[in-house]
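Participant: Sharing coords_4.pdb below, PDB, C-alpha atoms, pLDDT in the B column:
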ATOM      1  CA  MET A   1     156.880 171.643 118.339  1.00 47.00           C
ATOM      2  CA  THR A   2     157.247 167.895 117.672  1.00 51.00           C
ATOM      3  CA  LYS A   3     160.566 166.422 118.709  1.00 58.00           C
ATOM      4  CA  PRO A   4     162.458 164.553 115.997  1.00 64.00           C
ATOM      5  CA  ARG A   5     162.380 160.789 116.404  1.00 72.00           C
ATOM      6  CA  THR A   6     165.460 159.071 117.733  1.00 87.00           C
ATOM      7  CA  ARG A   7     167.248 156.439 115.656  1.00 88.00           C
ATOM      8  CA  ILE A   8     165.709 153.681 117.780  1.00 88.00           C
ATOM      9  CA  GLN A   9     162.211 155.136 117.412  1.00 89.00           C
ATOM     10  CA  ALA A  10     162.638 155.390 113.630  1.00 90.00           C
ATOM     11  CA  ARG A  11     163.940 151.817 113.482  1.00 93.00           C
ATOM     12  CA  ASN A  12     161.078 150.441 115.593  1.00 94.00           C
ATOM     13  CA  SER A  13     158.464 152.352 113.627  1.00 94.00           C
ATOM     14  CA  LYS A  14     159.857 150.942 110.376  1.00 93.00           C
ATOM     15  CA  ALA A  15     159.935 147.431 111.854  1.00 96.00           C
ATOM     16  CA  ILE A  16     156.278 147.753 112.845  1.00 96.00           C
ATOM     17  CA  LEU A  17     155.209 148.948 109.400  1.00 95.00           C
ATOM     18  CA  ASP A  18     157.247 146.239 107.664  1.00 94.00           C
ATOM     19  CA  ALA A  19     155.653 143.632 109.928  1.00 95.00           C
ATOM     20  CA  ALA A  20     152.203 145.126 109.358  1.00 94.00           C
ATOM     21  CA  LEU A  21     152.654 144.802 105.586  1.00 92.00           C
ATOM     22  CA  GLU A  22     153.450 141.116 105.985  1.00 91.00           C
ATOM     23  CA  VAL A  23     150.576 140.440 108.374  1.00 93.00           C
ATOM     24  CA  PHE A  24     147.926 142.525 106.598  1.00 91.00           C
ATOM     25  CA  SER A  25     148.956 141.055 103.227  1.00 85.00           C
ATOM     26  CA  SER A  26     148.525 137.490 104.459  1.00 83.00           C
ATOM     27  CA  GLN A  27     145.644 137.878 106.953  1.00 85.00           C
ATOM     28  CA  GLY A  28     143.702 140.870 105.649  1.00 83.00           C
ATOM     29  CA  PHE A  29     142.710 143.749 107.899  1.00 87.00           C
ATOM     30  CA  ARG A  30     140.044 141.820 109.785  1.00 88.00           C
ATOM     31  CA  GLY A  31     142.200 138.745 110.323  1.00 90.00           C
ATOM     32  CA  ALA A  32     145.286 140.653 111.442  1.00 92.00           C
ATOM     33  CA  THR A  33     145.939 141.356 115.116  1.00 95.00           C
ATOM     34  CA  LEU A  34     148.319 143.621 116.981  1.00 96.00           C
ATOM     35  CA  ASP A  35     149.800 140.557 118.660  1.00 96.00           C
ATOM     36  CA  GLN A  36     150.730 139.114 115.255  1.00 96.00           C
ATOM     37  CA  ILE A  37     152.242 142.403 114.081  1.00 96.00           C
ATOM     38  CA  ALA A  38     154.240 142.793 117.304  1.00 96.00           C
ATOM     39  CA  GLU A  39     155.547 139.236 117.045  1.00 96.00           C
ATOM     40  CA  VAL A  40     156.692 139.680 113.433  1.00 96.00           C
ATOM     41  CA  ALA A  41     158.262 143.045 114.322  1.00 96.00           C
ATOM     42  CA  GLY A  42     160.133 141.467 117.246  1.00 95.00           C
ATOM     43  CA  LEU A  43     158.558 143.850 119.756  1.00 95.00           C
ATOM     44  CA  SER A  44     156.217 143.489 122.686  1.00 95.00           C
ATOM     45  CA  LYS A  45     152.607 144.541 122.206  1.00 95.00           C
ATOM     46  CA  PRO A  46     152.946 147.394 124.762  1.00 95.00           C
ATOM     47  CA  ASN A  47     156.004 148.602 122.864  1.00 94.00           C
ATOM     48  CA  LEU A  48     154.023 148.572 119.612  1.00 95.00           C
ATOM     49  CA  LEU A  49     151.209 150.511 121.270  1.00 95.00           C
ATOM     50  CA  TYR A  50     153.738 153.202 122.232  1.00 94.00           C
ATOM     51  CA  TYR A  51     154.095 153.954 118.515  1.00 95.00           C
ATOM     52  CA  PHE A  52     150.588 153.181 117.259  1.00 96.00           C
ATOM     53  CA  PRO A  53     147.516 153.254 119.545  1.00 95.00           C
ATOM     54  CA  SER A  54     145.464 150.743 117.529  1.00 95.00           C
ATOM     55  CA  LYS A  55     145.425 148.317 114.613  1.00 94.00           C
ATOM     56  CA  GLU A  56     143.605 150.976 112.602  1.00 92.00           C
ATOM     57  CA  ALA A  57     146.398 153.469 113.280  1.00 94.00           C
ATOM     58  CA  VAL A  58     149.019 151.003 112.016  1.00 95.00           C
ATOM     59  CA  HIS A  59     146.940 150.306 108.908  1.00 92.00           C
ATOM     60  CA  VAL A  60     146.387 153.986 108.139  1.00 88.00           C
ATOM     61  CA  ALA A  61     150.094 154.778 108.576  1.00 90.00           C
ATOM     62  CA  LEU A  62     151.057 151.893 106.311  1.00 91.00           C
ATOM     63  CA  LEU A  63     148.543 152.844 103.623  1.00 87.00           C
ATOM     64  CA  GLY A  64     149.559 156.499 103.813  1.00 84.00           C
ATOM     65  CA  GLN A  65     153.174 155.492 103.256  1.00 85.00           C
ATOM     66  CA  LEU A  66     152.134 153.297 100.314  1.00 85.00           C
ATOM     67  CA  LEU A  67     150.054 156.062  98.779  1.00 84.00           C
ATOM     68  CA  LYS A  68     153.040 158.393  98.861  1.00 85.00           C
ATOM     69  CA  THR A  69     155.089 155.760  97.022  1.00 87.00           C
ATOM     70  CA  TRP A  70     152.352 155.362  94.396  1.00 86.00           C
ATOM     71  CA  LEU A  71     152.037 159.117  93.915  1.00 91.00           C
ATOM     72  CA  ASP A  72     155.737 159.911  93.543  1.00 94.00           C
ATOM     73  CA  PRO A  73     155.823 158.912  89.827  1.00 96.00           C
ATOM     74  CA  LEU A  74     152.752 161.077  89.153  1.00 96.00           C
ATOM     75  CA  ARG A  75     154.388 164.015  90.904  1.00 96.00           C
ATOM     76  CA  ALA A  76     157.476 163.445  88.728  1.00 97.00           C
ATOM     77  CA  ILE A  77     155.619 164.212  85.481  1.00 98.00           C
ATOM     78  CA  ASN A  78     157.378 167.367  84.278  1.00 98.00           C
ATOM     79  CA  PRO A  79     155.072 169.998  82.740  1.00 98.00           C
ATOM     80  CA  ALA A  80     158.076 171.367  80.812  1.00 97.00           C
ATOM     81  CA  GLY A  81     159.128 167.975  79.441  1.00 97.00           C
ATOM     82  CA  ASP A  82     158.270 166.254  76.179  1.00 97.00           C
ATOM     83  CA  PRO A  83     154.650 165.102  76.641  1.00 98.00           C
ATOM     84  CA  LYS A  84     154.886 161.625  75.131  1.00 97.00           C
ATOM     85  CA  THR A  85     158.185 160.946  76.873  1.00 97.00           C
ATOM     86  CA  GLU A  86     156.778 162.092  80.223  1.00 98.00           C
ATOM     87  CA  ILE A  87     153.628 159.977  79.945  1.00 98.00           C
ATOM     88  CA  ILE A  88     155.356 156.825  78.719  1.00 98.00           C
ATOM     89  CA  SER A  89     157.987 157.223  81.462  1.00 98.00           C
ATOM     90  CA  TYR A  90     155.147 157.469  83.958  1.00 98.00           C
ATOM     91  CA  VAL A  91     153.661 154.234  82.602  1.00 98.00           C
ATOM     92  CA  ARG A  92     157.059 152.553  82.978  1.00 97.00           C
ATOM     93  CA  ARG A  93     157.495 153.766  86.556  1.00 97.00           C
ATOM     94  CA  LYS A  94     154.010 152.561  87.514  1.00 96.00           C
ATOM     95  CA  LEU A  95     154.731 149.139  86.017  1.00 97.00           C
ATOM     96  CA  GLU A  96     158.013 148.975  87.932  1.00 97.00           C
ATOM     97  CA  LEU A  97     156.143 149.716  91.175  1.00 95.00           C
ATOM     98  CA  SER A  98     153.790 146.820  90.437  1.00 95.00           C
ATOM     99  CA  ARG A  99     156.779 144.561  89.802  1.00 96.00           C
ATOM    100  CA  ASP A 100     158.762 145.653  92.857  1.00 95.00           C
ATOM    101  CA  PHE A 101     155.933 146.141  95.393  1.00 91.00           C
ATOM    102  CA  PRO A 102     153.202 143.594  94.582  1.00 90.00           C
ATOM    103  CA  ARG A 103     152.091 143.078  98.209  1.00 87.00           C
ATOM    104  CA  GLU A 104     151.748 146.816  98.701  1.00 88.00           C
ATOM    105  CA  SER A 105     149.685 147.132  95.522  1.00 88.00           C
ATOM    106  CA  ARG A 106     147.321 144.349  96.568  1.00 85.00           C
ATOM    107  CA  LEU A 107     146.983 145.783 100.072  1.00 86.00           C
ATOM    108  CA  PHE A 108     146.057 149.177  98.640  1.00 86.00           C
ATOM    109  CA  ALA A 109     143.625 147.607  96.136  1.00 86.00           C
ATOM    110  CA  ASN A 110     141.933 145.658  98.919  1.00 84.00           C
ATOM    111  CA  GLU A 111     141.414 148.843 100.932  1.00 85.00           C
ATOM    112  CA  ILE A 112     139.815 150.531  97.913  1.00 87.00           C
ATOM    113  CA  LEU A 113     137.579 147.512  97.210  1.00 85.00           C
ATOM    114  CA  GLN A 114     136.282 147.765 100.776  1.00 85.00           C
ATOM    115  CA  GLY A 115     135.287 151.385 100.192  1.00 88.00           C
ATOM    116  CA  ALA A 116     138.515 152.940 101.520  1.00 85.00           C
ATOM    117  CA  PRO A 117     137.130 153.164 105.103  1.00 86.00           C
ATOM    118  CA  ARG A 118     140.533 154.051 106.540  1.00 81.00           C
ATOM    119  CA  LEU A 119     141.993 155.965 103.607  1.00 80.00           C
ATOM    120  CA  LEU A 120     139.241 158.015 101.969  1.00 83.00           C
ATOM    121  CA  GLY A 121     140.308 161.232 103.679  1.00 81.00           C
ATOM    122  CA  VAL A 122     143.897 160.786 102.528  1.00 76.00           C
ATOM    123  CA  ILE A 123     142.752 160.047  98.965  1.00 80.00           C
ATOM    124  CA  GLU A 124     140.554 163.132  98.872  1.00 81.00           C
ATOM    125  CA  GLY A 125     143.227 165.252 100.534  1.00 81.00           C
ATOM    126  CA  ASP A 126     146.330 164.142  98.619  1.00 80.00           C
ATOM    127  CA  LEU A 127     145.359 162.209  95.509  1.00 87.00           C
ATOM    128  CA  LYS A 128     142.560 164.331  94.052  1.00 90.00           C
ATOM    129  CA  PRO A 129     144.431 167.673  94.027  1.00 93.00           C
ATOM    130  CA  LEU A 130     147.463 166.003  92.440  1.00 94.00           C
ATOM    131  CA  VAL A 131     145.318 164.322  89.773  1.00 96.00           C
ATOM    132  CA  ASP A 132     143.598 167.653  89.062  1.00 96.00           C
ATOM    133  CA  GLU A 133     147.002 169.327  88.704  1.00 97.00           C
ATOM    134  CA  LYS A 134     148.373 166.705  86.302  1.00 98.00           C
ATOM    135  CA  ALA A 135     145.094 166.528  84.361  1.00 98.00           C
ATOM    136  CA  ALA A 136     145.475 170.260  83.710  1.00 98.00           C
ATOM    137  CA  VAL A 137     148.991 169.615  82.355  1.00 98.00           C
ATOM    138  CA  LEU A 138     147.668 166.856  80.089  1.00 98.00           C
ATOM    139  CA  SER A 139     144.844 169.124  78.872  1.00 98.00           C
ATOM    140  CA  ARG A 140     147.345 171.868  78.026  1.00 98.00           C
ATOM    141  CA  TRP A 141     149.474 169.439  76.035  1.00 98.00           C
ATOM    142  CA  MET A 142     146.330 168.357  74.165  1.00 98.00           C
ATOM    143  CA  ASP A 143     145.336 171.970  73.483  1.00 98.00           C
ATOM    144  CA  GLU A 144     148.825 172.567  72.080  1.00 97.00           C
ATOM    145  CA  GLY A 145     148.439 169.580  69.762  1.00 97.00           C
ATOM    146  CA  LYS A 146     151.365 167.704  71.320  1.00 97.00           C
ATOM    147  CA  ILE A 147     149.351 164.592  72.219  1.00 98.00           C
ATOM    148  CA  ALA A 148     146.009 163.190  71.101  1.00 98.00           C
ATOM    149  CA  ARG A 149     142.895 164.586  72.751  1.00 98.00           C
ATOM    150  CA  LEU A 150     141.662 162.167  75.386  1.00 98.00           C
ATOM    151  CA  PRO A 151     139.794 162.598  78.690  1.00 98.00           C
ATOM    152  CA  PRO A 152     142.834 163.365  80.891  1.00 98.00           C
ATOM    153  CA  VAL A 153     141.610 161.845  84.161  1.00 98.00           C
ATOM    154  CA  HIS A 154     140.466 158.680  82.395  1.00 98.00           C
ATOM    155  CA  LEU A 155     143.857 158.508  80.703  1.00 98.00           C
ATOM    156  CA  LEU A 156     145.411 158.372  84.182  1.00 98.00           C
ATOM    157  CA  PHE A 157     142.845 155.788  85.304  1.00 97.00           C
ATOM    158  CA  SER A 158     143.748 153.608  82.328  1.00 97.00           C
ATOM    159  CA  ILE A 159     147.453 153.810  83.185  1.00 97.00           C
ATOM    160  CA  TRP A 160     146.736 152.770  86.763  1.00 96.00           C
ATOM    161  CA  SER A 161     144.546 149.845  85.742  1.00 96.00           C
ATOM    162  CA  MET A 162     146.874 148.552  83.026  1.00 97.00           C
ATOM    163  CA  THR A 163     149.966 148.665  85.217  1.00 97.00           C
ATOM    164  CA  GLN A 164     148.624 147.634  88.622  1.00 94.00           C
ATOM    165  CA  HIS A 165     146.790 144.701  87.024  1.00 95.00           C
ATOM    166  CA  TYR A 166     150.126 142.895  86.807  1.00 96.00           C
ATOM    167  CA  ALA A 167     150.546 143.062  90.584  1.00 93.00           C
ATOM    168  CA  ASP A 168     146.955 142.615  91.707  1.00 92.00           C
ATOM    169  CA  PHE A 169     146.279 139.687  89.321  1.00 94.00           C
ATOM    170  CA  ASP A 170     149.788 138.248  89.212  1.00 94.00           C
ATOM    171  CA  VAL A 171     148.672 134.625  89.618  1.00 94.00           C
ATOM    172  CA  GLN A 172     146.157 134.943  86.773  1.00 96.00           C
ATOM    173  CA  VAL A 173     148.638 136.705  84.498  1.00 97.00           C
ATOM    174  CA  ARG A 174     151.307 134.041  84.993  1.00 96.00           C
ATOM    175  CA  ALA A 175     148.813 131.170  84.631  1.00 97.00           C
ATOM    176  CA  VAL A 176     147.474 132.523  81.343  1.00 97.00           C
ATOM    177  CA  LEU A 177     150.882 133.375  79.883  1.00 97.00           C
ATOM    178  CA  GLY A 178     152.360 130.045  80.917  1.00 96.00           C
ATOM    179  CA  PRO A 179     155.990 129.207  81.689  1.00 95.00           C
ATOM    180  CA  GLY A 180     158.860 130.932  79.951  1.00 94.00           C
ATOM    181  CA  HIS A 181     157.276 134.393  79.992  1.00 96.00           C
ATOM    182  CA  ASP A 182     158.417 137.497  81.862  1.00 95.00           C
ATOM    183  CA  PRO A 183     155.119 139.344  82.442  1.00 96.00           C
ATOM    184  CA  PHE A 184     156.671 142.692  83.287  1.00 97.00           C
ATOM    185  CA  THR A 185     159.125 142.787  80.395  1.00 96.00           C
ATOM    186  CA  GLU A 186     156.390 141.821  77.949  1.00 97.00           C
ATOM    187  CA  ALA A 187     153.943 144.268  79.514  1.00 97.00           C
ATOM    188  CA  GLY A 188     156.520 147.060  79.327  1.00 97.00           C
ATOM    189  CA  ASP A 189     157.080 146.485  75.605  1.00 97.00           C
ATOM    190  CA  PHE A 190     153.346 146.238  74.943  1.00 98.00           C
ATOM    191  CA  LEU A 191     152.390 149.341  76.927  1.00 98.00           C
ATOM    192  CA  ASN A 192     155.206 151.365  75.388  1.00 97.00           C
ATOM    193  CA  GLY A 193     153.897 150.609  71.881  1.00 97.00           C
ATOM    194  CA  LEU A 194     150.272 151.074  72.917  1.00 97.00           C
ATOM    195  CA  PHE A 195     150.736 154.518  74.435  1.00 97.00           C
ATOM    196  CA  GLU A 196     153.088 155.605  71.649  1.00 97.00           C
ATOM    197  CA  LYS A 197     150.202 155.060  69.199  1.00 97.00           C
ATOM    198  CA  LEU A 198     147.454 156.239  71.554  1.00 97.00           C
ATOM    199  CA  LEU A 199     149.116 159.566  72.298  1.00 98.00           C
ATOM    200  CA  THR A 200     150.059 160.455  68.725  1.00 97.00           C
ATOM    201  CA  PRO A 201     147.810 163.306  67.523  1.00 95.00           C
TER     202      PRO A 201
END
Turn this file's structure into structure tokens for me.

Facilitator:
Amino acid sequence: MTKPRTRIQARNSKAILDAALEVFSSQGFRGATLDQIAEVAGLSKPNLLYYFPSKEAVHVALLGQLLKTWLDPLRAINPAGDPKTEIISYVRRKLELSRDFPRESRLFANEILQGAPRLLGVIEGDLKPLVDEKAAVLSRWMDEGKIARLPPVHLLFSIWSMTQHYADFDVQVRAVLGPGHDPFTEAGDFLNGLFEKLLTP
């Protein structure tokens, strides 16, 4: 039986993961070192290694934590709720994650672009079953005539791409829109109208 972590252990583990986000976001996985992460966390390298045995272990723990955050809104889709309301609320929550956690989104995207070498098992183990479950809910709503018939998994893909774009390509979005624009407010209004029309049978 695993002993619960003490308050100090929980605090140090969080400090390491927070530092790892900063270092991996700025240096990339290859450029990041345990020495850099330890320095940003305010810990010695041996102390860091007490919690995580390698740079890969820190990266996997960080990405696993991020994946849970990304999946929480998908888990929150209520099969008993109003279909259009549930889907549009999901779109809103995903856009809010892109607004509030841009570094995390880019870190996750970079891992995927590299072929998910450190996260593929987690994706196959956690993400795929959840997507299959929610795709079945979407298919049922379509069969009942409550929303337009669309490929359910590709509907989810489109939501991910249209919301995470605003985090992963933030510089491009702001450069194209120009000054005086709030990308996330405008995107929220646009996506709300788009999916309202798209989902109508």

Participant: Considering all atoms listed in the file, can you say which of A:Ser89, A:Pro201, A:Gly125, A:Leu119 comes closest to Ile159 (chain A)?

Facilitator: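 Once distances to Ile159 (chain A) are computed over all atoms listed in the file, the minimum belongs to A:Ser89.
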
Participant: Please report as a Markdown table every residue of region 36-120 of chain A lying within 12 Å of region 131-155 of chain A, along with the nearest atom pair and their distance in Å (one decimal), using all atoms listed in the file.

Facilitator:
| residue | atom | partner | partner_atom | distance |
| --- | --- | --- | --- | --- |
| A:Leu71 | CA | A:Val131 | CA | 9.5 |
| A:Asp72 | CA | A:Val131 | CA | 11.9 |
| A:Pro73 | CA | A:Lys134 | CA | 11.3 |
| A:Leu74 | CA | A:Lys134 | CA | 7.7 |
| A:Arg75 | CA | A:Lys134 | CA | 8.0 |
| A:Ala76 | CA | A:Lys134 | CA | 10.0 |
| A:Ile77 | CA | A:Lys134 | CA | 7.7 |
| A:Asn78 | CA | A:Val137 | CA | 8.9 |
| A:Pro79 | CA | A:Val137 | CA | 6.1 |
| A:Ala80 | CA | A:Val137 | CA | 9.4 |
| A:Gly81 | CA | A:Trp141 | CA | 10.3 |
| A:Asp82 | CA | A:Lys146 | CA | 8.6 |
| A:Pro83 | CA | A:Lys146 | CA | 6.8 |
| A:Lys84 | CA | A:Ile147 | CA | 6.9 |
| A:Thr85 | CA | A:Ile147 | CA | 10.6 |
| A:Glu86 | CA | A:Leu138 | CA | 10.3 |
| A:Ile87 | CA | A:Leu138 | CA | 9.1 |
| A:Ile88 | CA | A:Ile147 | CA | 11.8 |
| A:Tyr90 | CA | A:Lys134 | CA | 11.7 |
| A:Val91 | CA | A:Leu155 | CA | 10.9 |

Participant: Would you translate the PyMOL selection byres ((chain A and resi 66) around 12) into the concrete set of residues it matches in this file, as a VMD selection string?

Facilitator: chain A and resid 17 to 18 21 59 to 65 67 to 72 97 to 98 101 to 109 111 119 122 to 123

Participant: Measure the distance from CA of Ser161 (chain A) to CA of Gly193 (chain A) in Å and round it to one decimal.

Facilitator: 16.7 Å

Participant: How big is the axis-aligned box around all listed atoms of region 120-123 of chain A once 5 Å goes on each side, and where's its centre, in Å to one decimal, as lines of an AutoDock Vina configuration file?

Facilitator:
center_x = 141.6
center_y = 159.6
center_z = 101.3
size_x = 14.7
size_y = 13.2
size_z = 14.7

Participant: CA of Ile37 (chain A) and CA of Ala19 (chain A) are how many Å apart?

Facilitator: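 So the answer is 5.5 Å.
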
Participant: Do you know which residues the PyMOL selection byres ((chain A and resi 194) around 12) returns on this file, as a VMD selection string?

Facilitator: chain A and resid 84 87 to 88 91 158 to 159 162 187 to 193 195 to 200

Participant: Mind giving me the straight-line distance from CA of Arg92 (chain A) to CA of Gln164 (chain A) in Å, one decimal?

Facilitator: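 CA of Gln164 (chain A) lies at a distance of 11.3 Å from CA of Arg92 (chain A).
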
Participant: Kindly reconstruct region 95-123 of chain A with N, CA and C atoms and present the result as a PDB file, in the frame of the given file.

Facilitator:
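What follows is the written file result.pdb:
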ATOM      1  N   LEU A  95     154.558 150.571  86.213  1.00 97.00           N
ATOM      2  CA  LEU A  95     154.731 149.139  86.017  1.00 97.00           C
ATOM      3  C   LEU A  95     155.856 148.607  86.906  1.00 97.00           C
ATOM      4  N   GLU A  96     156.904 149.379  87.054  1.00 97.00           N
ATOM      5  CA  GLU A  96     158.013 148.975  87.932  1.00 97.00           C
ATOM      6  C   GLU A  96     157.557 148.889  89.389  1.00 97.00           C
ATOM      7  N   LEU A  97     156.682 149.793  89.811  1.00 95.00           N
ATOM      8  CA  LEU A  97     156.143 149.716  91.175  1.00 95.00           C
ATOM      9  C   LEU A  97     155.342 148.433  91.366  1.00 95.00           C
ATOM     10  N   SER A  98     154.561 148.059  90.349  1.00 95.00           N
ATOM     11  CA  SER A  98     153.790 146.820  90.437  1.00 95.00           C
ATOM     12  C   SER A  98     154.716 145.610  90.512  1.00 95.00           C
ATOM     13  N   ARG A  99     155.810 145.665  89.783  1.00 96.00           N
ATOM     14  CA  ARG A  99     156.779 144.561  89.802  1.00 96.00           C
ATOM     15  C   ARG A  99     157.504 144.484  91.145  1.00 96.00           C
ATOM     16  N   ASP A 100     157.903 145.623  91.667  1.00 95.00           N
ATOM     17  CA  ASP A 100     158.762 145.653  92.857  1.00 95.00           C
ATOM     18  C   ASP A 100     157.992 145.628  94.177  1.00 95.00           C
ATOM     19  N   PHE A 101     156.718 146.060  94.151  1.00 91.00           N
ATOM     20  CA  PHE A 101     155.933 146.141  95.393  1.00 91.00           C
ATOM     21  C   PHE A 101     154.551 145.502  95.216  1.00 91.00           C
ATOM     22  N   PRO A 102     154.504 144.221  94.837  1.00 90.00           N
ATOM     23  CA  PRO A 102     153.202 143.594  94.582  1.00 90.00           C
ATOM     24  C   PRO A 102     152.318 143.492  95.824  1.00 90.00           C
ATOM     25  N   ARG A 103     152.910 143.192  96.998  1.00 87.00           N
ATOM     26  CA  ARG A 103     152.091 143.078  98.209  1.00 87.00           C
ATOM     27  C   ARG A 103     151.461 144.421  98.559  1.00 87.00           C
ATOM     28  N   GLU A 104     152.250 145.477  98.404  1.00 88.00           N
ATOM     29  CA  GLU A 104     151.748 146.816  98.701  1.00 88.00           C
ATOM     30  C   GLU A 104     150.593 147.181  97.771  1.00 88.00           C
ATOM     31  N   SER A 105     150.741 146.834  96.483  1.00 88.00           N
ATOM     32  CA  SER A 105     149.685 147.132  95.522  1.00 88.00           C
ATOM     33  C   SER A 105     148.400 146.402  95.875  1.00 88.00           C
ATOM     34  N   ARG A 106     148.522 145.125  96.233  1.00 85.00           N
ATOM     35  CA  ARG A 106     147.321 144.349  96.568  1.00 85.00           C
ATOM     36  C   ARG A 106     146.683 144.840  97.870  1.00 85.00           C
ATOM     37  N   LEU A 107     147.511 145.250  98.817  1.00 86.00           N
ATOM     38  CA  LEU A 107     146.983 145.783 100.072  1.00 86.00           C
ATOM     39  C   LEU A 107     146.183 147.057  99.817  1.00 86.00           C
ATOM     40  N   PHE A 108     146.732 147.935  98.977  1.00 86.00           N
ATOM     41  CA  PHE A 108     146.057 149.177  98.640  1.00 86.00           C
ATOM     42  C   PHE A 108     144.757 148.889  97.879  1.00 86.00           C
ATOM     43  N   ALA A 109     144.815 147.953  96.913  1.00 86.00           N
ATOM     44  CA  ALA A 109     143.625 147.607  96.136  1.00 86.00           C
ATOM     45  C   ALA A 109     142.532 147.052  97.043  1.00 86.00           C
ATOM     46  N   ASN A 110     142.913 146.239  98.012  1.00 84.00           N
ATOM     47  CA  ASN A 110     141.933 145.658  98.919  1.00 84.00           C
ATOM     48  C   ASN A 110     141.248 146.732  99.755  1.00 84.00           C
ATOM     49  N   GLU A 111     142.009 147.731 100.180  1.00 85.00           N
ATOM     50  CA  GLU A 111     141.414 148.843 100.932  1.00 85.00           C
ATOM     51  C   GLU A 111     140.396 149.591 100.076  1.00 85.00           C
ATOM     52  N   ILE A 112     140.730 149.829  98.813  1.00 87.00           N
ATOM     53  CA  ILE A 112     139.815 150.531  97.913  1.00 87.00           C
ATOM     54  C   ILE A 112     138.552 149.706  97.674  1.00 87.00           C
ATOM     55  N   LEU A 113     138.727 148.390  97.468  1.00 85.00           N
ATOM     56  CA  LEU A 113     137.579 147.512  97.210  1.00 85.00           C
ATOM     57  C   LEU A 113     136.619 147.482  98.394  1.00 85.00           C
ATOM     58  N   GLN A 114     137.137 147.737  99.589  1.00 85.00           N
ATOM     59  CA  GLN A 114     136.282 147.765 100.776  1.00 85.00           C
ATOM     60  C   GLN A 114     135.653 149.138 101.003  1.00 85.00           C
ATOM     61  N   GLY A 115     135.865 150.054 100.061  1.00 88.00           N
ATOM     62  CA  GLY A 115     135.287 151.385 100.192  1.00 88.00           C
ATOM     63  C   GLY A 115     136.211 152.407 100.824  1.00 88.00           C
ATOM     64  N   ALA A 116     137.489 152.055 100.944  1.00 85.00           N
ATOM     65  CA  ALA A 116     138.515 152.940 101.520  1.00 85.00           C
ATOM     66  C   ALA A 116     138.100 153.503 102.878  1.00 85.00           C
ATOM     67  N   PRO A 117     137.615 152.649 103.810  1.00 86.00           N
ATOM     68  CA  PRO A 117     137.130 153.164 105.103  1.00 86.00           C
ATOM     69  C   PRO A 117     138.200 153.859 105.932  1.00 86.00           C
ATOM     70  N   ARG A 118     139.458 153.459 105.744  1.00 81.00           N
ATOM     71  CA  ARG A 118     140.533 154.051 106.540  1.00 81.00           C
ATOM     72  C   ARG A 118     141.419 154.991 105.732  1.00 81.00           C
ATOM     73  N   LEU A 119     141.094 155.191 104.460  1.00 80.00           N
ATOM     74  CA  LEU A 119     141.993 155.965 103.607  1.00 80.00           C
ATOM     75  C   LEU A 119     141.293 157.032 102.779  1.00 80.00           C
ATOM     76  N   LEU A 120     139.965 157.098 102.844  1.00 83.00           N
ATOM     77  CA  LEU A 120     139.241 158.015 101.969  1.00 83.00           C
ATOM     78  C   LEU A 120     139.676 159.461 102.166  1.00 83.00           C
ATOM     79  N   GLY A 121     139.888 159.856 103.421  1.00 81.00           N
ATOM     80  CA  GLY A 121     140.308 161.232 103.679  1.00 81.00           C
ATOM     81  C   GLY A 121     141.654 161.550 103.069  1.00 81.00           C
ATOM     82  N   VAL A 122     142.572 160.582 103.121  1.00 76.00           N
ATOM     83  CA  VAL A 122     143.897 160.786 102.528  1.00 76.00           C
ATOM     84  C   VAL A 122     143.782 160.880 101.011  1.00 76.00           C
ATOM     85  N   ILE A 123     142.936 160.022 100.418  1.00 80.00           N
ATOM     86  CA  ILE A 123     142.752 160.047  98.965  1.00 80.00           C
ATOM     87  C   ILE A 123     142.196 161.397  98.525  1.00 80.00           C
TER      88      ILE A 123
END
